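Just entry.txt here, compact mmCIF, C-alpha atoms:
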# COMPACT_ATOMS: atom_id res chain seq x y z
CA TRP A 1 -60.14 27.59 -12.85
CA PHE A 2 -57.41 25.35 -14.23
CA ILE A 3 -58.22 23.18 -17.26
CA LEU A 4 -55.71 20.43 -18.06
CA GLN A 5 -53.90 21.29 -21.27
CA TYR A 6 -50.93 19.76 -23.02
CA MET A 7 -48.39 20.42 -25.75
CA SER A 8 -47.53 17.58 -28.11
CA GLY A 9 -44.26 16.14 -29.36
CA PHE A 10 -41.53 13.86 -28.03
CA GLY A 11 -38.32 15.66 -27.02
CA ASN A 12 -39.44 18.96 -28.53
CA GLU A 13 -38.17 22.38 -27.48
CA HIS A 14 -41.28 23.63 -25.69
CA VAL A 15 -42.07 27.04 -24.25
CA SER A 16 -44.85 27.67 -21.75
CA GLU A 17 -45.96 30.38 -19.36
CA ASP A 18 -48.90 30.56 -17.01
CA PRO A 19 -51.51 32.87 -18.66
CA ARG A 20 -51.86 34.75 -15.36
CA CYS A 21 -48.39 36.22 -16.01
CA PRO A 22 -48.04 36.99 -19.73
CA GLY A 23 -44.48 37.75 -20.79
CA ALA A 24 -42.96 35.82 -17.90
CA LEU A 25 -40.44 34.17 -20.23
CA PRO A 26 -37.40 36.38 -20.80
CA GLU A 27 -36.94 37.38 -24.42
CA GLY A 28 -33.73 36.58 -26.25
CA GLN A 29 -31.79 35.14 -23.32
CA ASN A 30 -32.04 32.61 -20.51
CA ASN A 31 -30.63 34.43 -17.51
CA PRO A 32 -31.25 38.21 -17.53
CA GLN A 33 -30.01 40.41 -14.75
CA VAL A 34 -33.61 40.91 -13.63
CA CYS A 35 -36.28 38.40 -14.74
CA PRO A 36 -39.85 39.52 -15.54
CA TYR A 37 -42.16 39.72 -12.51
CA GLY A 38 -39.15 39.47 -10.21
CA LEU A 39 -38.76 35.74 -10.83
CA TYR A 40 -35.65 33.63 -10.33
CA ALA A 41 -34.06 31.80 -13.28
CA GLU A 42 -33.07 28.18 -12.59
CA GLN A 43 -31.74 25.59 -15.02
CA LEU A 44 -32.57 21.88 -14.71
CA SER A 45 -30.00 19.78 -16.59
CA GLY A 46 -30.81 16.23 -17.66
CA SER A 47 -27.51 15.63 -19.43
CA ALA A 48 -23.88 16.68 -19.23
CA PHE A 49 -23.34 20.20 -20.55
CA THR A 50 -21.14 18.88 -23.36
CA CYS A 51 -23.43 16.11 -24.63
CA PRO A 52 -23.93 16.20 -28.41
CA ARG A 53 -26.91 18.34 -29.39
CA PRO A 54 -29.24 15.37 -30.17
CA THR A 55 -28.85 14.09 -26.60
CA ASN A 56 -28.46 17.40 -24.76
CA LYS A 57 -31.36 17.89 -22.33
CA ARG A 58 -32.10 20.93 -20.23
CA SER A 59 -34.91 23.29 -19.31
CA TRP A 60 -34.99 26.77 -17.83
CA LEU A 61 -37.52 27.40 -15.06
CA TYR A 62 -38.66 30.87 -13.95
CA ARG A 63 -39.88 30.58 -10.39
CA ILE A 64 -41.02 32.63 -7.44
CA LEU A 65 -38.28 31.21 -5.20
CA PRO A 66 -35.42 28.92 -6.26
CA SER A 67 -35.34 25.25 -5.21
CA VAL A 68 -32.29 25.85 -3.04
CA CYS A 69 -34.43 27.42 -0.28
CA HIS A 70 -34.91 24.48 2.07
CA LYS A 71 -33.63 23.09 5.37
CA PRO A 72 -31.05 20.26 5.32
CA PHE A 73 -32.12 16.82 4.14
CA LYS A 74 -32.55 14.12 6.76
CA PRO A 75 -33.09 10.36 6.26
CA LEU A 76 -36.73 9.36 5.78
CA GLU A 77 -37.64 5.85 6.89
CA GLU A 78 -40.64 5.27 4.69
CA GLY A 79 -41.73 3.03 1.88
CA HIS A 80 -39.99 -0.18 0.89
CA LEU A 81 -37.38 1.05 -1.59
CA THR A 82 -34.04 -0.67 -1.94
CA HIS A 83 -31.20 -1.32 -4.34
CA ASP A 84 -29.65 -3.99 -2.12
CA TRP A 85 -29.80 -6.88 -4.57
CA ASP A 86 -27.98 -9.23 -2.18
CA GLU A 87 -30.47 -9.20 0.71
CA ILE A 88 -31.76 -12.62 -0.36
CA GLU A 89 -30.36 -15.54 -2.36
CA PRO A 90 -30.87 -15.45 -6.16
CA ASP A 91 -33.88 -17.35 -7.52
CA PRO A 92 -33.76 -18.47 -11.18
CA ASN A 93 -37.29 -19.92 -11.17
CA GLN A 94 -40.20 -18.66 -13.21
CA LEU A 95 -41.90 -16.23 -10.83
CA ARG A 96 -45.46 -14.96 -10.86
CA TRP A 97 -47.22 -12.65 -8.43
CA LYS A 98 -50.91 -12.42 -7.65
CA PRO A 99 -52.33 -8.87 -7.74
CA PHE A 100 -50.52 -6.73 -5.19
CA GLU A 101 -52.80 -5.78 -2.31
CA ILE A 102 -53.86 -2.17 -1.79
CA PRO A 103 -54.33 -1.33 1.90
CA LYS A 104 -57.65 0.12 3.05
CA ALA A 105 -57.42 3.80 3.96
CA LEU A 106 -59.31 3.27 7.21
CA GLN A 107 -56.66 0.83 8.38
CA ASN A 108 -53.49 2.28 6.84
CA LYS A 109 -53.31 5.59 5.00
CA MET A 110 -50.66 5.26 2.33
CA ASP A 111 -49.70 7.79 -0.34
CA PHE A 112 -47.58 7.34 -3.46
CA VAL A 113 -44.25 7.61 -1.62
CA SER A 114 -45.10 5.42 1.37
CA GLY A 115 -46.66 2.92 -1.07
CA LEU A 116 -43.52 2.38 -3.16
CA HIS A 117 -42.15 -1.18 -3.01
CA THR A 118 -39.08 -2.40 -4.91
CA LEU A 119 -39.73 -5.77 -6.54
CA CYS A 120 -36.52 -6.44 -8.48
CA GLY A 121 -33.59 -4.76 -10.15
CA ALA A 122 -29.88 -4.70 -10.95
CA GLY A 123 -27.00 -2.25 -10.95
CA GLU A 124 -26.80 0.73 -8.67
CA PRO A 125 -27.39 4.45 -8.97
CA ARG A 126 -23.94 5.64 -7.89
CA GLY A 127 -22.36 4.01 -10.92
CA ARG A 128 -25.18 5.40 -13.12
CA ASN A 129 -26.02 2.03 -14.62
CA GLY A 130 -28.99 -0.07 -13.62
CA ILE A 131 -32.73 -0.44 -13.36
CA ALA A 132 -35.37 -1.21 -10.75
CA VAL A 133 -38.97 -2.37 -10.96
CA HIS A 134 -41.25 -0.95 -8.28
CA ILE A 135 -44.88 -1.56 -7.39
CA PHE A 136 -46.93 1.32 -5.98
CA VAL A 137 -50.10 0.84 -3.94
CA CYS A 138 -51.78 3.83 -2.33
CA ASN A 139 -55.13 5.10 -1.08
CA THR A 140 -54.51 8.76 -0.23
CA SER A 141 -53.04 11.81 -1.92
CA MET A 142 -49.67 13.37 -1.13
CA MET A 143 -50.39 16.35 1.10
CA ASP A 144 -47.85 19.19 1.24
CA ARG A 145 -45.07 16.92 0.08
CA CYS A 146 -43.38 16.13 -3.20
CA LEU A 147 -40.81 13.65 -4.49
CA TYR A 148 -37.92 13.91 -6.88
CA ASN A 149 -35.63 11.14 -8.04
CA SER A 150 -31.93 11.98 -7.97
CA ASP A 151 -31.07 8.48 -9.20
CA GLY A 152 -32.88 8.23 -12.53
CA ASP A 153 -36.12 8.34 -14.50
CA PHE A 154 -39.49 6.91 -13.43
CA LEU A 155 -41.72 5.37 -16.10
CA ILE A 156 -45.08 5.07 -14.32
CA VAL A 157 -47.76 2.59 -15.47
CA PRO A 158 -51.04 3.05 -13.54
CA GLN A 159 -53.15 -0.11 -13.41
CA GLN A 160 -56.02 0.83 -11.10
CA GLY A 161 -57.09 4.38 -10.36
CA LYS A 162 -56.03 7.60 -12.05
CA LEU A 163 -53.16 9.84 -10.97
CA LEU A 164 -53.32 13.63 -11.00
CA ILE A 165 -49.63 14.50 -11.05
CA THR A 166 -48.50 18.04 -10.28
CA THR A 167 -45.00 18.78 -11.53
CA GLU A 168 -42.81 21.85 -11.71
CA PHE A 169 -43.81 22.02 -15.39
CA GLY A 170 -47.57 21.76 -14.84
CA LYS A 171 -50.22 19.13 -14.22
CA MET A 172 -50.93 15.78 -15.92
CA LEU A 173 -53.85 13.40 -15.46
CA VAL A 174 -52.64 9.84 -16.06
CA GLU A 175 -55.22 7.04 -16.21
CA PRO A 176 -54.90 3.27 -16.66
CA ASN A 177 -53.83 2.50 -20.26
CA GLU A 178 -51.71 5.64 -20.19
CA ILE A 179 -48.12 5.98 -19.02
CA CYS A 180 -46.04 8.92 -17.90
CA VAL A 181 -42.33 9.57 -17.49
CA ILE A 182 -40.98 11.79 -14.72
CA GLN A 183 -37.34 12.36 -15.56
CA GLN A 184 -34.43 12.63 -13.14
CA GLY A 185 -34.61 15.57 -10.76
CA MET A 186 -38.18 16.70 -11.54
CA ARG A 187 -40.30 17.38 -8.47
CA PHE A 188 -43.81 15.95 -8.49
CA SER A 189 -46.73 15.21 -6.21
CA VAL A 190 -49.44 12.59 -6.79
CA GLU A 191 -53.14 13.01 -6.04
CA VAL A 192 -55.31 9.86 -6.12
CA PHE A 193 -59.06 9.27 -6.01
CA GLY A 194 -59.36 6.00 -4.11
CA GLU A 195 -57.50 2.71 -4.10
CA THR A 196 -54.70 3.01 -6.64
CA ARG A 197 -52.06 0.61 -7.94
CA GLY A 198 -49.46 0.42 -10.67
CA TYR A 199 -45.95 -0.38 -11.82
CA ILE A 200 -42.78 1.70 -12.19
CA LEU A 201 -39.71 1.08 -14.32
CA GLU A 202 -36.76 3.11 -13.04
CA VAL A 203 -33.60 3.51 -15.09
CA TYR A 204 -30.27 4.85 -13.82
CA GLY A 205 -27.88 6.53 -16.21
CA ALA A 206 -29.99 6.76 -19.38
CA HIS A 207 -33.15 8.51 -20.50
CA PHE A 208 -36.02 6.92 -22.37
CA GLU A 209 -36.22 7.58 -26.08
CA LEU A 210 -38.20 6.38 -29.05
CA PRO A 211 -36.74 3.24 -30.63
CA ASP A 212 -35.16 3.43 -34.07
CA LEU A 213 -37.55 2.17 -36.74
CA GLY A 214 -35.08 0.57 -39.16
CA PRO A 215 -36.82 -1.04 -42.15
CA ILE A 216 -40.23 -0.07 -40.73
CA GLY A 217 -39.42 3.35 -42.15
CA ALA A 218 -40.49 6.83 -41.14
CA ASN A 219 -43.80 6.02 -39.42
CA GLY A 220 -45.02 3.46 -36.92
CA LEU A 221 -45.03 2.26 -33.32
CA ALA A 222 -45.37 5.24 -30.94
CA ASN A 223 -45.67 8.43 -32.98
CA PRO A 224 -43.80 11.44 -31.54
CA ARG A 225 -46.78 13.77 -31.81
CA ASP A 226 -48.86 11.59 -29.45
CA PHE A 227 -46.62 12.32 -26.45
CA LEU A 228 -48.07 15.11 -24.31
CA VAL A 229 -46.24 17.62 -22.11
CA PRO A 230 -47.99 19.74 -19.45
CA VAL A 231 -48.33 23.51 -19.67
CA ALA A 232 -46.99 25.90 -17.05
CA TRP A 233 -49.01 26.28 -13.86
CA TYR A 234 -47.89 27.85 -10.61
CA GLU A 235 -49.09 28.29 -7.07
CA ASP A 236 -47.75 31.08 -4.87
CA ARG A 237 -48.54 29.32 -1.62
CA GLN A 238 -46.95 29.69 1.76
CA VAL A 239 -46.93 26.59 3.98
CA PRO A 240 -46.05 27.79 7.52
CA ARG A 241 -46.42 24.28 9.01
CA GLY A 242 -43.84 23.05 6.48
CA TYR A 243 -43.75 21.56 3.01
CA THR A 244 -41.75 18.32 2.71
CA VAL A 245 -39.45 17.81 -0.27
CA ILE A 246 -38.41 14.16 -0.58
CA SER A 247 -35.34 13.11 -2.53
CA LYS A 248 -34.66 9.57 -3.66
CA TYR A 249 -30.87 9.63 -3.48
CA GLN A 250 -28.57 6.61 -3.88
CA GLY A 251 -31.56 4.34 -3.39
CA LYS A 252 -32.74 5.86 -0.11
CA LEU A 253 -35.25 8.56 0.79
CA PHE A 254 -34.35 11.89 2.40
CA ALA A 255 -36.70 14.71 3.44
CA ALA A 256 -36.16 18.46 3.69
CA GLN A 257 -38.55 21.12 4.95
CA GLN A 258 -39.41 24.45 3.36
CA ASP A 259 -42.21 26.94 3.96
CA PHE A 260 -43.55 27.31 0.41
CA SER A 261 -44.88 25.18 -2.42
CA PRO A 262 -42.20 23.96 -4.86
CA PHE A 263 -44.73 24.22 -7.70
CA ASN A 264 -44.01 27.91 -8.08
CA VAL A 265 -42.74 27.87 -11.70
CA VAL A 266 -44.51 30.66 -13.60
CA ALA A 267 -42.87 29.90 -16.96
CA TRP A 268 -40.39 27.50 -18.49
CA HIS A 269 -38.74 26.52 -21.76
CA GLY A 270 -36.60 23.59 -22.85
CA ASN A 271 -36.57 19.97 -23.99
CA TYR A 272 -36.26 18.26 -20.59
CA THR A 273 -39.82 17.72 -19.39
CA PRO A 274 -42.23 15.20 -17.92
CA TYR A 275 -44.57 13.64 -20.48
CA LYS A 276 -47.41 11.17 -20.89
CA TYR A 277 -48.66 8.83 -23.63
CA HIS A 278 -51.86 6.85 -24.26
CA LEU A 279 -51.16 3.24 -25.19
CA GLU A 280 -54.16 3.10 -27.56
CA LYS A 281 -52.25 5.48 -29.84
CA PHE A 282 -49.62 2.80 -30.58
CA MET A 283 -49.45 1.82 -34.26
CA VAL A 284 -49.07 -1.96 -34.14
CA ILE A 285 -46.76 -3.70 -36.63
CA ASN A 286 -47.23 -7.45 -37.06
CA ALA A 287 -46.49 -10.47 -39.27
CA VAL A 288 -49.00 -10.90 -42.12
CA ALA A 289 -47.67 -14.10 -43.73
CA PHE A 290 -46.19 -16.63 -41.28
CA ASP A 291 -44.19 -16.96 -38.05
CA HIS A 292 -43.61 -14.28 -35.42
CA ALA A 293 -41.80 -11.01 -35.66
CA ASP A 294 -39.71 -10.45 -32.53
CA PRO A 295 -41.51 -8.67 -29.66
CA SER A 296 -39.22 -5.70 -30.22
CA ILE A 297 -41.82 -4.51 -32.76
CA PHE A 298 -43.99 -3.66 -29.75
CA THR A 299 -41.41 -1.33 -28.12
CA VAL A 300 -42.87 2.00 -27.01
CA LEU A 301 -39.77 3.47 -25.33
CA THR A 302 -36.19 2.32 -24.88
CA ALA A 303 -33.31 3.31 -22.62
CA LYS A 304 -30.15 2.44 -24.53
CA THR A 305 -26.75 1.21 -23.43
CA THR A 306 -23.51 2.05 -25.20
CA ARG A 307 -23.75 -1.29 -27.06
CA ALA A 308 -25.71 -0.93 -30.28
CA GLY A 309 -29.07 -2.65 -30.12
CA VAL A 310 -28.74 -3.70 -26.47
CA ALA A 311 -31.19 -1.96 -24.15
CA LEU A 312 -30.70 -1.09 -20.53
CA ALA A 313 -34.50 -1.34 -20.52
CA ASP A 314 -37.31 -1.51 -23.06
CA PHE A 315 -40.96 -0.75 -22.37
CA VAL A 316 -42.96 -3.10 -24.59
CA ILE A 317 -46.75 -3.49 -24.87
CA PHE A 318 -49.02 -6.19 -26.32
CA PRO A 319 -52.06 -4.26 -27.53
CA PRO A 320 -55.22 -5.45 -29.33
CA ARG A 321 -54.38 -6.39 -32.93
CA TRP A 322 -55.17 -8.78 -35.77
CA GLY A 323 -53.55 -12.21 -36.02
CA VAL A 324 -53.41 -13.54 -39.58
CA ALA A 325 -50.27 -15.70 -39.78
CA ASN A 326 -50.61 -18.88 -41.86
CA ASN A 327 -49.41 -22.31 -40.68
CA THR A 328 -48.17 -20.69 -37.48
CA PHE A 329 -48.50 -21.34 -33.77
CA ARG A 330 -49.81 -17.89 -32.98
CA PRO A 331 -49.31 -17.39 -29.22
CA PRO A 332 -45.81 -16.53 -27.99
CA TYR A 333 -43.40 -19.37 -28.60
CA TYR A 334 -41.36 -21.23 -25.99
CA HIS A 335 -38.29 -19.20 -25.27
CA ARG A 336 -35.03 -18.88 -23.36
CA ASN A 337 -33.63 -15.38 -23.45
CA CYS A 338 -30.38 -13.56 -22.66
CA MET A 339 -32.59 -10.70 -21.44
CA SER A 340 -34.71 -10.43 -18.28
CA GLU A 341 -38.47 -10.11 -18.81
CA PHE A 342 -40.85 -8.64 -16.23
CA MET A 343 -44.47 -8.64 -17.36
CA GLY A 344 -47.48 -6.82 -15.93
CA LEU A 345 -51.13 -6.68 -16.89
CA ILE A 346 -53.16 -3.48 -16.92
CA LYS A 347 -56.49 -5.06 -17.91
CA GLY A 348 -58.02 -8.18 -19.43
CA HIS A 349 -56.44 -11.63 -19.88
CA TYR A 350 -53.02 -12.29 -21.36
CA GLU A 351 -53.28 -14.58 -24.40
CA ALA A 352 -50.58 -17.07 -23.37
CA LYS A 353 -51.83 -17.56 -19.80
CA GLU A 354 -55.49 -16.76 -19.46
CA GLU A 355 -55.63 -18.15 -15.91
CA GLY A 356 -53.38 -17.07 -13.07
CA PHE A 357 -51.82 -13.98 -14.65
CA GLN A 358 -54.10 -11.20 -13.42
CA PRO A 359 -54.33 -7.39 -13.68
CA GLY A 360 -52.24 -5.81 -10.95
CA GLY A 361 -49.98 -8.87 -10.68
CA GLY A 362 -46.80 -9.68 -12.56
CA SER A 363 -44.28 -12.27 -13.67
CA LEU A 364 -40.51 -12.42 -13.99
CA HIS A 365 -38.71 -14.75 -16.37
CA SER A 366 -35.06 -14.30 -15.59
CA MET A 367 -32.08 -14.59 -17.84
CA MET A 368 -32.12 -17.98 -19.65
CA THR A 369 -35.06 -19.24 -17.59
CA PRO A 370 -37.43 -21.06 -20.01
CA HIS A 371 -40.98 -19.79 -20.39
CA GLY A 372 -43.87 -19.89 -22.81
CA PRO A 373 -47.57 -20.78 -23.15
CA ASP A 374 -49.20 -22.94 -20.52
CA ALA A 375 -50.50 -26.39 -21.43
CA ASP A 376 -54.08 -25.27 -22.06
CA CYS A 377 -52.97 -22.47 -24.39
CA PHE A 378 -50.67 -24.84 -26.32
CA GLU A 379 -53.39 -27.43 -26.91
CA LYS A 380 -55.96 -24.83 -28.01
CA ALA A 381 -53.58 -22.99 -30.34
CA SER A 382 -52.26 -26.21 -31.90
CA LYS A 383 -55.79 -27.21 -32.95
CA ALA A 384 -57.26 -23.80 -33.73
CA LYS A 385 -58.67 -23.03 -37.17
CA LEU A 386 -56.29 -20.47 -38.68
CA GLU A 387 -58.38 -17.56 -39.83
CA PRO A 388 -58.04 -13.82 -39.21
CA GLU A 389 -58.77 -13.15 -35.55
CA ARG A 390 -58.62 -10.30 -33.11
CA VAL A 391 -55.89 -10.90 -30.56
CA ALA A 392 -55.84 -9.40 -27.07
CA GLU A 393 -59.13 -7.54 -27.54
CA GLY A 394 -59.98 -5.60 -24.38
CA THR A 395 -56.59 -6.29 -22.80
CA MET A 396 -53.27 -4.58 -22.29
CA ALA A 397 -50.21 -6.48 -21.13
CA PHE A 398 -46.74 -4.96 -21.04
CA MET A 399 -43.14 -5.98 -20.50
CA PHE A 400 -40.13 -4.31 -18.91
CA GLU A 401 -37.22 -6.03 -20.66
CA SER A 402 -33.59 -5.51 -19.66
CA SER A 403 -30.14 -6.73 -20.64
CA LEU A 404 -29.32 -6.83 -16.90
CA SER A 405 -29.79 -9.92 -14.74
CA LEU A 406 -32.44 -8.89 -12.21
CA ALA A 407 -32.42 -9.82 -8.54
CA VAL A 408 -35.70 -10.07 -6.64
CA THR A 409 -36.04 -8.32 -3.28
CA LYS A 410 -37.03 -9.90 -0.01
CA TRP A 411 -40.31 -7.98 -0.25
CA GLY A 412 -40.97 -9.54 -3.65
CA LEU A 413 -40.16 -13.10 -2.63
CA GLN A 414 -41.43 -13.13 0.95
CA THR A 415 -42.86 -10.04 2.62
CA SER A 416 -45.46 -9.16 0.01
CA ASN A 417 -46.96 -12.64 0.37
CA ARG A 418 -48.18 -12.42 -3.24
CA LEU A 419 -45.82 -14.93 -4.89
CA ASP A 420 -47.73 -17.70 -6.67
CA LYS A 421 -45.84 -20.80 -5.55
CA ASN A 422 -47.84 -23.00 -7.93
CA TYR A 423 -46.84 -21.10 -11.07
CA TYR A 424 -44.63 -23.93 -12.35
CA LYS A 425 -47.62 -26.26 -12.39
CA CYS A 426 -49.15 -24.55 -15.42
CA TRP A 427 -46.58 -26.36 -17.60
CA GLU A 428 -46.81 -29.76 -15.91
CA PRO A 429 -49.74 -31.01 -18.07
CA LEU A 430 -47.66 -30.54 -21.25
CA LYS A 431 -47.30 -33.99 -22.78
CA SER A 432 -45.21 -35.50 -25.54
CA HIS A 433 -46.82 -35.65 -28.98
CA PHE A 434 -43.74 -37.25 -30.52
CA ASN A 435 -44.38 -40.08 -32.99
CA PRO A 436 -41.32 -41.27 -34.97
CA LYS A 437 -43.62 -43.01 -37.48
CA CYS A 438 -45.67 -39.94 -38.31
CA LYS A 439 -44.13 -36.86 -39.91

With the file now loaded, output its structure as structure tokens.
Amino acid sequence: WFILQYMSGFGNEHVSEDPRCPGALPEGQNNPQVCPYGLYAEQLSGSAFTCPRPTNKRSWLYRILPSVCHKPFKPLEEGHLTHDWDEIEPDPNQLRWKPFEIPKALQNKMDFVSGLHTLCGAGEPRGRNGIAVHIFVCNTSMMDRCLYNSDGDFLIVPQQGKLLITTEFGKMLVEPNEICVIQQGMRFSVEVFGETRGYILEVYGAHFELPDLGPIGANGLANPRDFLVPVAWYEDRQVPRGYTVISKYQGKLFAAQQDFSPFNVVAWHGNYTPYKYHLEKFMVINAVAFDHADPSIFTVLTAKTTRAGVALADFVIFPPRWGVANNTFRPPYYHRNCMSEFMGLIKGHYEAKEEGFQPGGGSLHSMMTPHGPDADCFEKASKAKLEPERVAEGTMAFMFESSLSLAVTKWGLQTSNRLDKNYYKCWEPLKSHFNPKCK
């Protein structure tokens, strides 16, 4: 009977109740002595109680049983998650990965949790400052189990296969070229429809927000109204054989058993919610005279640090757009950066490296490691006729950029067996064009 519906707006104060129980939201207060329908009131806080109002995040959930009703948590040895950034020696090289392999269900059933693999990261969750980049590969749905992240927020970027995500706030369908954010503490379960793959940016200690627009003005980039929040949906379902609640806590997984579905929230209100966004909605800003604007003009979401203008992590996309710059080398320029840049590809071919960088793979250019167009791209762009052209048509590349120096895991460098050891060779054909007699 359930039709997927959403409410729009980034960071709004939303109210929602399942239509099967009209009036489930208490009127005029959050925590009445007796809630409608005999529900329990439970607050989920995403910020300190005393945060200033613009950054104060919380939601009230009205549920059949409170979340506290579970057996003790026990360690769960599953997946390939870590925040041990010292398990292998640092590697400053340009790194590129071939598409990460999705196991066949007949050989190895793997759901979203068991298919999580940490690729790189920095910082640690106990100090509430850091990030991690994970790859997920899965071929089966989560059955009678859910996950919540005690450490931080998950920004999920599906690349192959759609995700039907059930949360305490309702359901979201997230397809490739869409993203979703499941914020700290929110329980969710992922249903898939075949071989599925994607990327996750996890941030500890900050929430994602829309970047400031500065001289762009009031409108542009990702518009707040295009972010979608699920509507309330509940199931009153007993699970006598046990429902598993998995917590990602201090970088490790723990599992607790209970005998009912955790998706028993009949109504909720607040500004702390999961949400999704379609990348085609992004209003691209670009240079229309000469040279490049910085890639920060492509920022969809940012997680800020306490230093003005310095991001813990930015989520940046490179969508289809027009290139019109005069007397300009139009692909990305050669660059050394005080930030770390992880790139992924959802579909198509990335303009600066049309060969080798494939959908479902990735690259990492670490702090101050030089990078830029390969030799073939440089030669073509240097000789191209400069006329208006569509750039990146039919593609979508993205970047997780961070002010932290990222360490790569043993899985990323060795176990995954997807590292392209010939990546450096794409720059070897670059040759000198220097002629001191010709300006």

Task: Between CA of Tyr62 in chain A and CA of Phe227 in chain A - distance in Å to one decimal - done: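 Separating CA of Phe227 in chain A from CA of Tyr62 in chain A is a distance of 23.7 Å.
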
Task: Between CA of Asp153 in chain A and CA of Gln258 in chain A - distance in Å to one decimal - done: 24.3 Å

TODO: Pick out the residues sitting within 7 Å of His335 in chain A, and hand them over as a PyMOL selection string; count all atoms listed in the file, and ignore anything fewer than 5 positions along from it in its own chain.
DONE: chain A and resi 370-372

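CA of Ala122 in chain A sits 23.5 Å away from CA of Phe298 in chain A.
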
Open item on the list: When you look at Ser47 in chain A with a cut-off of 9 Å (counting all atoms listed in the file), what residues show up, excluding the ones that are within fewer than 3 positions of it in the same chain? I need them as a ChimeraX atom specification.
Closed with: /A:50-51,55-58

TODO: Considering all atoms listed in the file, return as a list in words whatever protein or nucleic-acid residues lie within 6 Å of Asp151 in chain A, sequence-local ones (same chain, fewer than 3 positions apart) excluded.
DONE: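 Counting all atoms listed in the file, the residues come to Pro125, Tyr204 and Tyr249 of chain A.
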
Each residue of range 119-183 of chain A lying at most 12 Å from range 312-324 of chain A should get a row with its shortest atom-to-atom pair and the distance in Å to one decimal, counting all atoms listed in the file; could you produce that, ordered by chain and increasing number, as a tab-separated table?
residue	atom	partner	partner_atom	distance
A:Gly121	CA	A:Ala313	CA	11.0
A:Ala122	CA	A:Leu312	CA	10.3
A:Gly123	CA	A:Leu312	CA	10.3
A:Arg128	CA	A:Leu312	CA	11.3
A:Asn129	CA	A:Leu312	CA	8.2
A:Gly130	CA	A:Leu312	CA	7.2
A:Ile131	CA	A:Ala313	CA	7.4
A:Ala132	CA	A:Ala313	CA	9.8
A:Val133	CA	A:Ala313	CA	10.6
A:Asp153	CA	A:Ala313	CA	11.5
A:Phe154	CA	A:Phe315	CA	11.9
A:Leu155	CA	A:Phe315	CA	8.8
A:Ile156	CA	A:Phe315	CA	10.8
A:Val157	CA	A:Phe315	CA	10.2
A:Asn177	CA	A:Pro319	CA	10.1
A:Glu178	CA	A:Ile317	CA	11.4
A:Ile179	CA	A:Phe315	CA	10.4
A:Cys180	CA	A:Phe315	CA	11.8
A:Val181	CA	A:Phe315	CA	11.5

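You can rank A:Met142, A:Ala206, A:Cys120, A:Val190 by their closest distance to Lys304 in chain A using only C-alpha atoms, and at the top of that list sits A:Ala206.
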
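You can rank A:Phe73, A:Tyr277, A:Phe169, A:Phe136 by their closest distance to Glu101 in chain A using all atoms listed in the file, and at the top of that list sits A:Phe136.
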
TODO: Neighbourhood query: residues within 9 Å of (-35.1, -16.8, 1.0), file coordinates, counting all atoms listed in the file; return as a list in words.
DONE: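 Every residue inside that radius is included here: Glu87, Ile88, Glu89, Pro90, Asp91, Lys410, Leu413 and Gln414 of chain A.
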
- [ ] Go through A:Ser8, A:Leu201, A:Arg330, A:His207 and flag the residue nearest Asn286 in chain A, using all atoms listed in the file for the distances.
- [x]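 Checking each of A:Ser8, A:Leu201, A:Arg330, A:His207 against Asn286 in chain A, counting all atoms listed in the file, the winner is A:Arg330.
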
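Within 7 Å of range 160-166 of chain A, once all atoms listed in the file are used and residues closer than 4 positions along the same chain are dropped, the contacting residues are Gly170, Lys171, Met172, Leu173, Val174, Glu175, Pro176, Phe188, Ser189, Val190, Glu191, Val192, Phe193, Gly194, Glu195, Thr196, Arg197 and Gly198 of chain A.
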
Kindly provide the residues of range 25-96 of chain A that approach range 421-431 of chain A to within 8 Å, each paired with its closest atom pair and their distance in Å to one decimal, based on only C-alpha atoms, listed by chain and increasing number, as JSON lines.
{"residue": "A:Gln94", "atom": "CA", "partner": "A:Tyr424", "partner_atom": "CA", "distance": 6.9}
{"residue": "A:Leu95", "atom": "CA", "partner": "A:Tyr423", "partner_atom": "CA", "distance": 6.9}
{"residue": "A:Arg96", "atom": "CA", "partner": "A:Tyr423", "partner_atom": "CA", "distance": 6.3}

TODO: Give me the residues within 12 Å of Pro224 in chain A as a list in words, counting all atoms listed in the file and dropping any in the same chain fewer than 5 places off.
DONE: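 With the cut-off at 12 Å, the set is Met7, Ser8, Gly9, Phe10, Gly11, Asn12, Glu209, Leu210, Pro211, Ala218, Asn219, Val229, Tyr275, Lys276, Tyr277, His278, Lys281, Phe282, Met283, Val300 and Leu301 of chain A.
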
TODO: Check the smallest atom-to-atom distance from each of A:Ser340, A:Gln238, A:Gln183, A:Ser363 to Leu65 in chain A using all atoms listed in the file, then report the winner.
DONE: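 Going through A:Ser340, A:Gln238, A:Gln183, A:Ser363 one by one, the smallest distance to Leu65 in chain A is for A:Gln238.
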
- [ ] May I ask which of the residues A:Ile216, A:Val284, A:Leu81, A:Leu221 is the closest one to Gly412 in chain A, counting only C-alpha atoms?
- [x] A:Leu81

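Distance annotation: of A:Gln250, A:Gln33, A:Gln159, A:Asn223, the residue with the minimal separation from Gly344 in chain A is A:Gln159; atom set is all atoms listed in the file.
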